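Report on the structure given below.
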Amino acid sequence: MIELRHVGKTYTTPTGPLPVLIDCSTSVARGEVVVVCGPSGSGKSTLIKCINGLEPFQQGEILVDGISVGDPATNLPRLRARIGMVFQHFELFPHLSVTANLMLAQQQVLGRSAEAARERALALLQRVDLYAHRDKHPAQLSGGQQQRVAIARALCMDPIAMLFDEPTSALDPEMIGEVLDVMVQLAHDGMTMICVTHEMGFARKVAQRVVFMDGGRIVEDAASEQFFGQPASARAQQFLSRILR
Amino acid sequence: MTFEWQVLLQDTGAGERYLDWLLSAWGWTLAVSACAWVLACACGALIGVLRTLPGWWRSLGTLWVEGFRNIPLLVQLFLWYHVLPALMPALRELSGFMLVVLALGLFTSARVAEQVRAGIESLPRGQRLAAQALGLRLPQVYRHVLLPQALRLALPPLTSEAMSIIKNSSVAFAVSVSELTLFAMQAQEETSRGVEIYLAVTALYVISAFVINRLLLTLEQRLRLPGATA
């Protein structure tokens with residue numbers, strides 16, 4: 001469903017070109033859950049932002065459901081509407097109520113009526129257990145609650161896949177569980193997911209595959225039992241020994 | 001010294017009292033200010049948005065802001081009055097009132113644009129990304145996500161711009177719009193009671209600016225978001 005072929009991205013800086021992604025290739029099948037991990041600065045976030053065209057890339061190609069992301073002729077807004085994305089800092093719209101956050105793109109992008117959008121929004125708020133907070137504004141919710149709203153907002157668009165960019169990194173430890181529970185449930189329901197995360201417990205539990213990145217390259221791309229059992233690269237072994245201590 | 005406020009009840013020789021003239025002049029001040037403010041907000045919001053877009057749109061916005069910001073207001077008014085009609089005959093049809101509204105409105109639009117731009121740029125980059133990730137097109141991103149937040153942030157500095165526009169409207173005397181400052185100059189010449197005349201005019205400027213200030217503060221409070229710390 002999602003295919004990356006030799007993707008490369010370079011920033012031009014005053015001191016010369018700075019490569020941030022080098023020859024990244026992988027693919028994600030329908031219903032598959034893939035965790036992307038690696039040290040900070042390794043290009044994980046940049047890579048998943050390339051998948052819905054939030055970050056431009058110069059080399060290679062990315063296909064989502066057969067549509068080329070890098071092709072200038074591609075209608076990016078239409079493609080993005082089909083891929084849900086959850087951000088590290090939630091990025092709820094602070095001037096809108098929780099329900100209005102969930103309704104905005106349904107109405108503006110999908111052209112749903114206000115009643116249909118509200119109905120879908122409230123159903124998803126039930127699902128992430130936040131129906132009682134439907135009329136609040138984002139600033140009145142805890143971090144964990146905000147992130148669950150953000151997941152619900154993405155699901156409102158009936159996405160074919162979900163991208164998670166370090167969804168629990170900005171959360172207090174006691175709130176990580178409630179967000180991971182929603183993600184685990186989503187994985188069990190068969191959603192195609194790419195998750196940049198340091199939550200190795202989550203990776204072990206639900207990921208079919210782990211992609212390990214370092215220095216802008218995909219160093220290891222393995223089934224998760226294999227990755228956690230016997231990582232092939234020395235760099236991944238070192239990373240795991242530090243993070244799983 | 002003693003004040004002789006009865007001067008305001010004297011006949012001007014044109015069948016009205018100075019008080020009537022004063023109130024009509026206040027009306028002109030408010031009319032110039034209100035029309036210029038509407039123009040300033042409309043152009044300012046648009047130019048402020050342009051200043052945050054990539055490519056030559058940004059340059060156009062920068063040119064606008066620098067142009068209107070770096071020429072003294074009174075000089076701009078004379079440009080509208082003397083120079084531009086010579087270059088564009090269509091402008092000769094416009095009244096002094098319209099020329100003041102254009103000059104003051106566009107001058108202020110550059111200042112409004114800067115507040116709007118600063119508001120947009122101070123929003124976290126993730127807001128734009130999140131809106132785009134949901135499939136919103138760029139105009140929708142601005143309309144529904146960035147501008148509602150940026151304008152809330154810009155409201156306090158815009159309040160001060162709105163008060164400035166009342167005060168700056170006094171340049172209109174230079175092209176013979178019968179507003180408060182022109183009234184003051186002429187009435188004190190005719191009556192020789194400059195003290196009373198200027199105090200009365202000062203009071204009306206203060207009242208106008210103060211009322212604007214309170215109105216916009218009320219608006220600011222009503223737009224404050226639940227749970228916001230600021």
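Each chain in the structure tokens gets a letter, A, B and so on, in the order shown; residues start at 1 in every chain, and ligands are counted from 1 in the order they appear.
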
Neighbours of Val32 (chain B) within 8 Å (only C-alpha atoms; same-chain residues fewer than 3 positions away dropped), as a PDB file with C-alpha atoms, in the first residue's frame?
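Saved file selection_27.pdb follows:
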ATOM      1  CA  TRP B  28     -16.415  63.763  10.103  1.00  0.00           C
ATOM      2  CA  THR B  29     -13.492  62.660  12.273  1.00  0.00           C
ATOM      3  CA  CYS B  35     -13.854  54.144   6.707  1.00  0.00           C
ATOM      4  CA  ALA B  36     -10.049  54.205   6.850  1.00  0.00           C
ATOM      5  CA  PHE B  97     -12.885  62.799   2.107  1.00  0.00           C
ATOM      6  CA  VAL B 100      -8.069  61.002   3.133  1.00  0.00           C
ATOM      7  CA  VAL B 101      -9.710  57.617   3.604  1.00  0.00           C
ATOM      8  CA  SER B 169      -7.310  61.430  11.051  1.00  0.00           C
TER       9      SER B 169
END

Legend entry - Distance-based interface of chain A with chain B, 6 Å, counting only C-alpha atoms, as an NGL selection string: :A and (77-78 or 80-81 or 91 or 139-140)

Grab the residues selected above and save them as a PDB file, in the first residue's frame with C-alpha atoms.
ATOM      1  CA  PRO A  77      -4.525  17.784  -0.375  1.00  0.00           C
ATOM      2  CA  ARG A  78      -6.698  14.971  -1.706  1.00  0.00           C
ATOM      3  CA  ARG A  80      -3.341  13.777   2.515  1.00  0.00           C
ATOM      4  CA  ALA A  81      -7.038  13.581   3.330  1.00  0.00           C
ATOM      5  CA  GLU A  91      -1.549  20.145  17.148  1.00  0.00           C
ATOM      6  CA  ALA A 139      -6.376  23.732  26.482  1.00  0.00           C
ATOM      7  CA  GLN A 140      -8.830  22.317  29.023  1.00  0.00           C
TER       8      GLN A 140
END

Legend entry - Test item: residues at most 10 Å from Ala114 (chain A), only C-alpha atoms, excluding those fewer than 6 positions along its chain, as a PyMOL selection string: chain A and resi 100+103-104+106-107+120

Limited to all heavy atoms, could you put the picked residues into a file as a PDB file, in the first residue's frame?
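This went into result-v9.pdb:
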ATOM      1  N   ALA A 100     -15.588  20.540  17.241  1.00  0.00           N
ATOM      2  CA  ALA A 100     -15.309  21.332  16.034  1.00  0.00           C
ATOM      3  C   ALA A 100     -13.966  20.946  15.414  1.00  0.00           C
ATOM      4  O   ALA A 100     -13.817  20.961  14.190  1.00  0.00           O
ATOM      5  CB  ALA A 100     -15.326  22.827  16.368  1.00  0.00           C
ATOM      6  N   MET A 103     -14.760  18.072  13.330  1.00  0.00           N
ATOM      7  CA  MET A 103     -15.692  18.304  12.216  1.00  0.00           C
ATOM      8  C   MET A 103     -15.075  19.087  11.060  1.00  0.00           C
ATOM      9  O   MET A 103     -15.491  18.931   9.911  1.00  0.00           O
ATOM     10  CB  MET A 103     -16.931  19.064  12.717  1.00  0.00           C
ATOM     11  CG  MET A 103     -17.838  18.232  13.614  1.00  0.00           C
ATOM     12  SD  MET A 103     -19.118  19.245  14.414  1.00  0.00           S
ATOM     13  CE  MET A 103     -20.069  19.780  12.986  1.00  0.00           C
ATOM     14  N   LEU A 104     -14.080  19.933  11.372  1.00  0.00           N
ATOM     15  CA  LEU A 104     -13.582  20.903  10.386  1.00  0.00           C
ATOM     16  C   LEU A 104     -13.237  20.281   9.033  1.00  0.00           C
ATOM     17  O   LEU A 104     -13.807  20.648   8.002  1.00  0.00           O
ATOM     18  CB  LEU A 104     -12.362  21.643  10.957  1.00  0.00           C
ATOM     19  CG  LEU A 104     -11.703  22.634  10.000  1.00  0.00           C
ATOM     20  CD1 LEU A 104     -12.631  23.788   9.673  1.00  0.00           C
ATOM     21  CD2 LEU A 104     -10.385  23.169  10.568  1.00  0.00           C
ATOM     22  N   GLN A 106     -13.752  17.248   7.932  1.00  0.00           N
ATOM     23  CA  GLN A 106     -14.848  16.457   7.343  1.00  0.00           C
ATOM     24  C   GLN A 106     -15.725  17.342   6.466  1.00  0.00           C
ATOM     25  O   GLN A 106     -16.140  16.946   5.377  1.00  0.00           O
ATOM     26  CB  GLN A 106     -15.720  15.864   8.437  1.00  0.00           C
ATOM     27  CG  GLN A 106     -15.070  14.809   9.298  1.00  0.00           C
ATOM     28  CD  GLN A 106     -16.124  14.147  10.174  1.00  0.00           C
ATOM     29  OE1 GLN A 106     -17.021  13.474   9.684  1.00  0.00           O
ATOM     30  NE2 GLN A 106     -16.023  14.360  11.479  1.00  0.00           N
ATOM     31  N   GLN A 107     -16.024  18.552   6.971  1.00  0.00           N
ATOM     32  CA  GLN A 107     -16.895  19.446   6.208  1.00  0.00           C
ATOM     33  C   GLN A 107     -16.143  20.124   5.067  1.00  0.00           C
ATOM     34  O   GLN A 107     -16.618  20.172   3.937  1.00  0.00           O
ATOM     35  CB  GLN A 107     -17.497  20.514   7.135  1.00  0.00           C
ATOM     36  CG  GLN A 107     -18.469  19.943   8.144  1.00  0.00           C
ATOM     37  CD  GLN A 107     -19.090  21.035   8.998  1.00  0.00           C
ATOM     38  OE1 GLN A 107     -18.642  21.298  10.103  1.00  0.00           O
ATOM     39  NE2 GLN A 107     -20.113  21.685   8.476  1.00  0.00           N
ATOM     40  N   ARG A 120     -20.266  11.539  13.114  1.00  0.00           N
ATOM     41  CA  ARG A 120     -19.011  10.785  13.016  1.00  0.00           C
ATOM     42  C   ARG A 120     -18.047  11.209  14.128  1.00  0.00           C
ATOM     43  O   ARG A 120     -17.390  10.375  14.747  1.00  0.00           O
ATOM     44  CB  ARG A 120     -18.376  11.067  11.644  1.00  0.00           C
ATOM     45  CG  ARG A 120     -17.095  10.323  11.376  1.00  0.00           C
ATOM     46  CD  ARG A 120     -17.368   8.978  10.745  1.00  0.00           C
ATOM     47  NE  ARG A 120     -16.117   8.257  10.527  1.00  0.00           N
ATOM     48  CZ  ARG A 120     -15.795   7.141  11.189  1.00  0.00           C
ATOM     49  NH1 ARG A 120     -16.620   6.643  12.084  1.00  0.00           N
ATOM     50  NH2 ARG A 120     -14.655   6.539  10.931  1.00  0.00           N
TER      51      ARG A 120
END

Legend entry - Ala172 (chain B) environment, 12 Å, only C-alpha atoms, sequence neighbours closer than 5 positions dropped, as number ranges by chain: B: 25, 28-33, 36, 73-78, 80-81, 95-104, 165-167, 177-183

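Take CA of Val20 (chain A) and CA of Arg217 (chain A): the distance between them is 8.4 Å.
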
Inset, instruction - Going by DSSP on the backbone, which bits of chain A are alpha helix (DSSP H)? Write them as a PyMOL selection string, please. - result: chain A and resi 44-51+76-80+98-108+114-127+143-155+173-188+200-206+224-229+234-243

Selected residues, C-alpha atoms, written as a PDB file, in the first residue's frame, please.
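The resulting file, selection-v9.pdb, is reproduced below:
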ATOM      1  CA  LYS A  44      12.616   9.159  11.222  1.00  0.00           C
ATOM      2  CA  SER A  45      10.234  12.112  11.459  1.00  0.00           C
ATOM      3  CA  THR A  46      11.375  13.521   8.136  1.00  0.00           C
ATOM      4  CA  LEU A  47      10.791  10.148   6.492  1.00  0.00           C
ATOM      5  CA  ILE A  48       7.190   9.791   7.596  1.00  0.00           C
ATOM      6  CA  LYS A  49       6.445  13.416   6.753  1.00  0.00           C
ATOM      7  CA  CYS A  50       7.609  12.630   3.213  1.00  0.00           C
ATOM      8  CA  ILE A  51       4.918   9.956   2.955  1.00  0.00           C
ATOM      9  CA  LEU A  76      -1.602  16.489  -2.475  1.00  0.00           C
ATOM     10  CA  PRO A  77      -4.525  17.784  -0.375  1.00  0.00           C
ATOM     11  CA  ARG A  78      -6.698  14.971  -1.706  1.00  0.00           C
ATOM     12  CA  LEU A  79      -3.996  12.386  -0.984  1.00  0.00           C
ATOM     13  CA  ARG A  80      -3.341  13.777   2.515  1.00  0.00           C
ATOM     14  CA  VAL A  98     -13.057  19.300  20.621  1.00  0.00           C
ATOM     15  CA  THR A  99     -16.051  18.455  18.436  1.00  0.00           C
ATOM     16  CA  ALA A 100     -15.309  21.332  16.034  1.00  0.00           C
ATOM     17  CA  ASN A 101     -11.716  20.077  15.728  1.00  0.00           C
ATOM     18  CA  LEU A 102     -13.112  16.748  14.549  1.00  0.00           C
ATOM     19  CA  MET A 103     -15.692  18.304  12.216  1.00  0.00           C
ATOM     20  CA  LEU A 104     -13.582  20.903  10.386  1.00  0.00           C
ATOM     21  CA  ALA A 105     -11.860  18.786   7.754  1.00  0.00           C
ATOM     22  CA  GLN A 106     -14.848  16.457   7.343  1.00  0.00           C
ATOM     23  CA  GLN A 107     -16.895  19.446   6.208  1.00  0.00           C
ATOM     24  CA  GLN A 108     -14.223  21.444   4.390  1.00  0.00           C
ATOM     25  CA  ALA A 114     -22.665  19.397   9.631  1.00  0.00           C
ATOM     26  CA  GLU A 115     -24.977  16.676  10.973  1.00  0.00           C
ATOM     27  CA  ALA A 116     -23.027  13.865   9.346  1.00  0.00           C
ATOM     28  CA  ALA A 117     -19.716  15.319  10.501  1.00  0.00           C
ATOM     29  CA  ARG A 118     -20.974  15.758  14.056  1.00  0.00           C
ATOM     30  CA  GLU A 119     -22.334  12.239  14.168  1.00  0.00           C
ATOM     31  CA  ARG A 120     -19.011  10.785  13.016  1.00  0.00           C
ATOM     32  CA  ALA A 121     -17.082  13.037  15.414  1.00  0.00           C
ATOM     33  CA  LEU A 122     -19.152  12.014  18.429  1.00  0.00           C
ATOM     34  CA  ALA A 123     -18.894   8.333  17.516  1.00  0.00           C
ATOM     35  CA  LEU A 124     -15.098   8.585  17.436  1.00  0.00           C
ATOM     36  CA  LEU A 125     -14.997  10.546  20.681  1.00  0.00           C
ATOM     37  CA  GLN A 126     -16.915   7.626  22.229  1.00  0.00           C
ATOM     38  CA  ARG A 127     -14.330   5.275  20.836  1.00  0.00           C
ATOM     39  CA  GLY A 143      -1.846  15.913  27.169  1.00  0.00           C
ATOM     40  CA  GLY A 144      -3.015  12.317  26.960  1.00  0.00           C
ATOM     41  CA  GLN A 145      -6.586  13.413  26.322  1.00  0.00           C
ATOM     42  CA  GLN A 146      -5.457  15.884  23.655  1.00  0.00           C
ATOM     43  CA  GLN A 147      -3.521  13.175  21.849  1.00  0.00           C
ATOM     44  CA  ARG A 148      -6.537  10.852  21.902  1.00  0.00           C
ATOM     45  CA  VAL A 149      -8.624  13.683  20.407  1.00  0.00           C
ATOM     46  CA  ALA A 150      -5.932  14.106  17.739  1.00  0.00           C
ATOM     47  CA  ILE A 151      -6.156  10.398  16.885  1.00  0.00           C
ATOM     48  CA  ALA A 152      -9.945  10.651  16.692  1.00  0.00           C
ATOM     49  CA  ARG A 153      -9.624  13.728  14.457  1.00  0.00           C
ATOM     50  CA  ALA A 154      -7.471  11.763  12.019  1.00  0.00           C
ATOM     51  CA  LEU A 155      -9.835   8.769  12.107  1.00  0.00           C
ATOM     52  CA  PRO A 173       4.705   9.068  31.776  1.00  0.00           C
ATOM     53  CA  GLU A 174       1.333   8.353  33.381  1.00  0.00           C
ATOM     54  CA  MET A 175      -0.469   9.431  30.214  1.00  0.00           C
ATOM     55  CA  ILE A 176       1.487   7.341  27.736  1.00  0.00           C
ATOM     56  CA  GLY A 177      -0.543   4.212  28.460  1.00  0.00           C
ATOM     57  CA  GLU A 178      -3.925   5.679  27.545  1.00  0.00           C
ATOM     58  CA  VAL A 179      -2.616   6.796  24.142  1.00  0.00           C
ATOM     59  CA  LEU A 180      -0.863   3.487  23.449  1.00  0.00           C
ATOM     60  CA  ASP A 181      -4.070   1.620  24.347  1.00  0.00           C
ATOM     61  CA  VAL A 182      -5.920   3.497  21.611  1.00  0.00           C
ATOM     62  CA  MET A 183      -3.120   2.715  19.148  1.00  0.00           C
ATOM     63  CA  VAL A 184      -3.059  -0.986  20.077  1.00  0.00           C
ATOM     64  CA  GLN A 185      -6.819  -1.161  19.586  1.00  0.00           C
ATOM     65  CA  LEU A 186      -6.428   0.510  16.200  1.00  0.00           C
ATOM     66  CA  ALA A 187      -3.778  -2.019  15.196  1.00  0.00           C
ATOM     67  CA  HIS A 188      -6.017  -4.915  16.243  1.00  0.00           C
ATOM     68  CA  MET A 200       9.610  -0.663  22.364  1.00  0.00           C
ATOM     69  CA  GLY A 201       6.921  -2.400  24.403  1.00  0.00           C
ATOM     70  CA  PHE A 202       4.345  -1.203  21.883  1.00  0.00           C
ATOM     71  CA  ALA A 203       6.622  -2.256  19.022  1.00  0.00           C
ATOM     72  CA  ARG A 204       6.999  -5.782  20.407  1.00  0.00           C
ATOM     73  CA  LYS A 205       3.294  -6.119  21.061  1.00  0.00           C
ATOM     74  CA  VAL A 206       1.773  -4.931  17.798  1.00  0.00           C
ATOM     75  CA  SER A 224       9.906  -7.476  14.888  1.00  0.00           C
ATOM     76  CA  GLU A 225      10.729 -10.840  16.582  1.00  0.00           C
ATOM     77  CA  GLN A 226      13.923 -10.907  14.607  1.00  0.00           C
ATOM     78  CA  PHE A 227      14.770  -7.269  15.355  1.00  0.00           C
ATOM     79  CA  PHE A 228      14.283  -7.670  19.093  1.00  0.00           C
ATOM     80  CA  GLY A 229      15.752 -11.197  19.180  1.00  0.00           C
ATOM     81  CA  ALA A 234      25.907  -3.450  15.475  1.00  0.00           C
ATOM     82  CA  ARG A 235      24.278  -0.018  15.523  1.00  0.00           C
ATOM     83  CA  ALA A 236      20.829  -1.480  16.196  1.00  0.00           C
ATOM     84  CA  GLN A 237      22.223  -3.773  18.909  1.00  0.00           C
ATOM     85  CA  GLN A 238      23.804  -0.787  20.593  1.00  0.00           C
ATOM     86  CA  PHE A 239      20.571   1.264  20.307  1.00  0.00           C
ATOM     87  CA  LEU A 240      18.472  -1.561  21.763  1.00  0.00           C
ATOM     88  CA  SER A 241      20.845  -2.224  24.620  1.00  0.00           C
ATOM     89  CA  ARG A 242      20.588   1.427  25.635  1.00  0.00           C
ATOM     90  CA  ILE A 243      16.858   1.796  25.254  1.00  0.00           C
TER      91      ILE A 243
END

Inset, instruction - Tell me, in Å to one decimal, how far CA of Val83 (chain B) is from CA of Gly44 (chain B). - result: 24.0 Å

Inset, instruction - Go through B:Val65, B:Ala174, B:Ala184, B:Val206 and flag the residue nearest Ala110 (chain B), using only C-alpha atoms for the distances. - result: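 Of all the options, B:Val65 lies closest to Ala110 (chain B).
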
Inset, instruction - Going by DSSP on the backbone, which bits of region 36-186 of chain A are strand (DSSP E)? Write them as a ChimeraX atom specification, please. - result: /A:36-37,59-64,67-68,83-86,161-165

Inset, instruction - Excluding Glu114 (chain B) and any residue of its chain fewer than 4 positions from it, enumerate the residues within 12 Å of it, using only C-alpha atoms, and give them as a PyMOL selection string. - result: chain B and resi 40-41+43-52+61-62+64-66+68-69+107-110+118-121+150-151+154+157-158+161

Legend entry - Coordinates-based distance that separates CA of Thr10 (chain A) from CA of Ala29 (chain A) (Å, one decimal):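 Straight-line distance from CA of Ala29 (chain A) to CA of Thr10 (chain A) works out to 27.3 Å.
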